[in-house]
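Asks: Okay, handing you the structure first.
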Amino acid sequence: MRLISEVAEPELSSLGLELGLSEQEKSLQLKLRDFCDAVVNPAAKLIDQLPASAVGKNALFWEMYSSFNSLGLNVDDLYLSTDKLKANRLKSIAYQELGRGDAGFAIGLMVANYPYVMCRLLGRHDLAEKAAGKMGCWIATQPSRGSDVGDIEGTEKPNESRHQPGEMYAQINDSEVILYGESSDWVSLAPVASIAIGYFPLREKQRPLFNKDGTTKGIGVFVPLDSEGVSKGAALEKLGQRTLPQGSIKFNHVRLPIDHIIAGPDDYRASMLSALCEGNHTMAAVFTGCAQRAYELAMEYSHNRIQGGVPIVKHQAVHLRLFDIFRRIESMRAVTKQSFDYNALAKAPHLLSATVAKVHVTENAVIAISECMRLFGGKGLIKSCPMEKLLRDARASVTEDGDNHLLSLKAGTYLSWAHTGFAKPEF
Ligand SMILES: Cc1cc2nc3c(=O)[nH]c(=O)nc-3n(C[C@H](O)[C@H](O)[C@H](O)COP(=O)(O)OP(=O)(O)OC[C@H]3O[C@@H](n4cnc5c(N)ncnc54)[C@H](O)[C@@H]3O)c2cc1C
């Protein structure tokens with residue numbers, strides 16, 4: 001125990017009660033704070049109002065990425081450092097700040113670098129070289145395969161049933177992998193990406209291949225999107241995260257050398273789980289930052305808006321509401337940090353840890369931001385008020401990177417496995 005010798009103010013920052021940041025973490029946070037305030041936030045406000053088809057053609061969209069690149073932050077330091085704990089702590093702070101700036105842009109940065117990072121981690125320097133500096137994307141879901149993609153071990157379906165085989169697939173011969181069909185409309189950055197990593201169910205003579213447990217056999221493929229036979233669908237008009245343009249990618253007999261397979265059938269699950277773990281804990285950081293922004297704005301507004309002859313913050317009920325929002329965000333930040341720490345320190349990252357963070361944060365972000373919006377009264381609902389965009393951005397997150405219900409079901413299964421020591425089903 002420590003004694004309080006002098007009554008002092010709490011030490012609050014934009015990371016709440018988080019103390020003990022290293023000098024490097026503090027400087028990263030401040031750098032990104034300034035960058036988001038100066039570049040990302042104003043650009044995102046304008047891009048948010050554009051039709052989806054115009055986003056990727058807008059100079060402001062590209063300026064966000066080029067300005068970020070000129071900050072001199074090194075993707076390798078954040079994703080490839082051997083000091084995983086240090087790197088993950090930096091990432092957790094970076095994505096909170098970026099999420100506070102604009103959630104769609106923050107997610108876009110993660111997705112854009114995904115093919116490069118994955119290839120580097122796999123030691124595929126030949127492919128990493130092709131991906132370096134290019135806008136990447138992650139293709140996994142299909143029109144008829146959404147949650148079935150995320151249910152990687154096939155635990156959340158009746159035993160006797162099978163996952164949807166999908167309409168996008170790969171066939172392999174001795175020297176080539178050949179890609180067919182179309183992804184879902186939800187591929188983030190698809191309209192602007194030039195490189196992808198795609199997760200394709202396998203077929204043999206057009207016949208879908210299933211594992212014994214009813215999941216599809218699959219492979220991960222590195223796909224240059226200028227390959228012959230690749231085309232793109234229209235940009236998706238959607239609610240929220242409008243700075244993250246999305247759309248489908250189509251494959252018409254796309255032939256690639258066999259060495260473009262980055263995960264064969266035996267590595268498919270581990271590769272998908274790696275992507276989901278990274279995606280989910282990053283989302284937790286982003287939407288902690290997004291909620292933090294809403295809280296700061298609501299706190300400021302509560303001190304300025306006068307009703308009952310006093311600023312509304314003077315009403316006790318408003319104190320309670322602000323505190324409720326604050327404590328939610330504190331728990332979001334804590335669970336995010338824990339997930340980044342776990343995924344750095346454990347023998348291997350685990351979806352259970354990333355899911356606790358992603359589900360807890362995104363569900364609470366919707367509640368917290370909605371309450372912030374209510375503190376703005378009617379003003380919270382109008383387009384010129386930032387609350388309206390923040391709530392839309394957060395709402396998309398409960399489905400993004402795996403619907404929260406499906407992720408929670410899987411997490412429950414992992415807990416039960418851990419408790420009973422059940423052997424995992426064969427596949
Ligand atoms: C903002 C955003 C970004 C995205 N980015 C990408 C991307 O970059 N690349 C990509 O490939 N995809 C991306 N997605 C797609 C995303 O992964 C899917 O939307 C998500 O996995 C859910 O799939 P679905 O939309 O087909 O819903 P469905 O799977 O059809 O689910 C519909 C409903 O049924 C429920 N449900 C489904 N299966 C089960 C089950 N087994 N048990 C209980 N309930 C179930 C779900 O919880 C949900 O409520 C993105 C989505 C969003 C919203």
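Chain lettering (A, B, ...) mirrors the order of the structure tokens, residue numbering begins at 1 for each chain separately, and ligand numbering begins at 1 in order of display.
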Using only C-alpha atoms and all ligand atoms, find each protein or nucleic acid residue lying at most 9 Å from ligand 1; present the set as a ChimeraX atom specification.
Replies: /A:104,107-108,111,137-151,154-158,183-190,198-199,238-242,244,246,248,393,395-407,409
Asks: Which residues come within 9 Å of Ala132 of chain A, counting only C-alpha atoms, excluding same-chain residues fewer than 4 positions away, as a ChimeraX atom specification?
Replies: /A:113,115-117,127-128
Asks: Counting only C-alpha atoms, which residues in segment 146-211 of chain A sit no more than 8 Å from segment 258-266 of chain A? For each one, give the nearest pair of atoms and the distance in Å, sorted by chain then residue number, as a tab-separated table.
Replies:
```
residue	atom	partner	partner_atom	distance
A:Ile172	CA	A:Ile258	CA	7.7
A:Asp174	CA	A:Ile258	CA	7.5
A:Ser175	CA	A:Ile258	CA	5.2
A:Glu176	CA	A:Ile258	CA	4.3
A:Val177	CA	A:Ile258	CA	5.3
```
Asks: Keeping only N, CA and C atoms, take the residues you just selected and write them out as an mmCIF file, in the first residue's frame.
Replies:
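Saved result, result.cif, follows:
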```cif
data_model
loop_
_atom_site.group_PDB
_atom_site.id
_atom_site.type_symbol
_atom_site.label_atom_id
_atom_site.label_comp_id
_atom_site.auth_asym_id
_atom_site.auth_seq_id
_atom_site.Cartn_x
_atom_site.Cartn_y
_atom_site.Cartn_z
ATOM 1 N N ILE A 172 -5.517 -26.847 -57.838
ATOM 2 C CA ILE A 172 -4.049 -26.897 -57.918
ATOM 3 C C ILE A 172 -3.635 -27.966 -58.915
ATOM 4 N N ASP A 174 0.370 -29.450 -60.826
ATOM 5 C CA ASP A 174 1.771 -29.569 -60.396
ATOM 6 C C ASP A 174 2.501 -28.236 -60.322
ATOM 7 N N SER A 175 2.140 -27.322 -61.209
ATOM 8 C CA SER A 175 2.937 -26.095 -61.276
ATOM 9 C C SER A 175 2.145 -24.821 -60.996
ATOM 10 N N GLU A 176 0.819 -24.958 -60.941
ATOM 11 C CA GLU A 176 0.023 -23.728 -60.838
ATOM 12 C C GLU A 176 -1.081 -23.851 -59.798
ATOM 13 N N VAL A 177 -1.516 -22.664 -59.345
ATOM 14 C CA VAL A 177 -2.771 -22.588 -58.606
ATOM 15 C C VAL A 177 -3.703 -21.738 -59.476
#
```
Asks: Return as a Markdown table the residues of segment 113-184 of chain A lying at most 8 Å from segment 208-218 of chain A, together with the closest atom-to-atom pair for each and the distance in Å to one decimal, counting only C-alpha atoms, with rows in chain order and ascending residue number.
Replies:
```
| residue | atom | partner | partner_atom | distance |
| --- | --- | --- | --- | --- |
| A:Ile152 | CA | A:Thr215 | CA | 7.4 |
| A:Glu153 | CA | A:Thr215 | CA | 7.1 |
| A:Gly154 | CA | A:Thr215 | CA | 5.6 |
| A:Asn159 | CA | A:Asp213 | CA | 7.1 |
| A:Glu160 | CA | A:Gly214 | CA | 7.4 |
| A:Ser161 | CA | A:Gly214 | CA | 6.3 |
| A:Arg162 | CA | A:Gly214 | CA | 4.1 |
| A:His163 | CA | A:Thr215 | CA | 5.4 |
| A:Gln164 | CA | A:Thr216 | CA | 7.9 |
| A:Pro165 | CA | A:Pro208 | CA | 6.2 |
```
Asks: Residues near Arg100 of chain A, anyone? I mean within 8 Å using only C-alpha atoms, not counting same-chain ones fewer than 5 positions away, as a PyMOL selection string.
Replies: chain A and resi 36+286-293
Asks: Go ahead and dump the residues you just picked, N, CA and C atoms, as a PDB file, in the first residue's frame.
Replies:
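Below you can see result-v2.pdb, which holds the result:
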```pdb
ATOM      1  N   CYS A  36      -3.187  12.751 -36.483  1.00  0.00           N
ATOM      2  CA  CYS A  36      -4.634  12.518 -36.660  1.00  0.00           C
ATOM      3  C   CYS A  36      -5.405  13.834 -36.580  1.00  0.00           C
ATOM      4  N   VAL A 286      -8.523  -0.078 -31.944  1.00  0.00           N
ATOM      5  CA  VAL A 286      -9.116   0.981 -32.779  1.00  0.00           C
ATOM      6  C   VAL A 286     -10.417   1.497 -32.160  1.00  0.00           C
ATOM      7  N   PHE A 287     -11.267   0.575 -31.682  1.00  0.00           N
ATOM      8  CA  PHE A 287     -12.576   1.045 -31.200  1.00  0.00           C
ATOM      9  C   PHE A 287     -12.529   1.521 -29.748  1.00  0.00           C
ATOM     10  N   THR A 288     -11.448   1.213 -29.046  1.00  0.00           N
ATOM     11  CA  THR A 288     -11.211   1.890 -27.769  1.00  0.00           C
ATOM     12  C   THR A 288     -10.926   3.365 -28.070  1.00  0.00           C
ATOM     13  N   GLY A 289     -10.084   3.604 -29.075  1.00  0.00           N
ATOM     14  CA  GLY A 289      -9.763   4.990 -29.460  1.00  0.00           C
ATOM     15  C   GLY A 289     -10.979   5.731 -29.982  1.00  0.00           C
ATOM     16  N   CYS A 290     -11.792   5.038 -30.750  1.00  0.00           N
ATOM     17  CA  CYS A 290     -13.002   5.643 -31.322  1.00  0.00           C
ATOM     18  C   CYS A 290     -13.952   6.091 -30.185  1.00  0.00           C
ATOM     19  N   ALA A 291     -14.119   5.225 -29.177  1.00  0.00           N
ATOM     20  CA  ALA A 291     -14.989   5.564 -28.042  1.00  0.00           C
ATOM     21  C   ALA A 291     -14.367   6.684 -27.207  1.00  0.00           C
ATOM     22  N   GLN A 292     -13.038   6.668 -27.081  1.00  0.00           N
ATOM     23  CA  GLN A 292     -12.348   7.720 -26.329  1.00  0.00           C
ATOM     24  C   GLN A 292     -12.644   9.090 -26.939  1.00  0.00           C
ATOM     25  N   ARG A 293     -12.624   9.138 -28.263  1.00  0.00           N
ATOM     26  CA  ARG A 293     -12.907  10.401 -28.968  1.00  0.00           C
ATOM     27  C   ARG A 293     -14.326  10.886 -28.631  1.00  0.00           C
TER      28      ARG A 293
END
```
Asks: Which neighbours of Phe105 of chain A fall inside 9 Å, counting only C-alpha atoms, when residues of the same chain fewer than 5 positions from it are skipped, and could you give them as a list of chain:residue names?
Replies: A:Val40, A:Ala44, A:Phe61, A:Met64, A:Tyr65, A:Leu98, A:Gly99, A:Met110, A:Gln241, A:Arg242, A:Thr243, A:Leu244
Asks: For each of A:Phe222, A:Glu237, A:Thr420, A:Glu11, take the minimum atom-to-atom distance to Arg124 of chain A, counting only C-alpha atoms, then give the residue where this is smallest.
Replies: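 Ranking A:Phe222, A:Glu237, A:Thr420, A:Glu11 by distance to Arg124 of chain A, first place goes to A:Phe222.
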Asks: Apply DSSP to the backbone of this structure and, from segment 225-406 of chain A, keep only the residues in helix (DSSP H, G or I); write these as an MDAnalysis selection string.
Replies: chainID A and resid 258:260 268:304 312:314 316:345 351:375 377:381 386:397 404:406
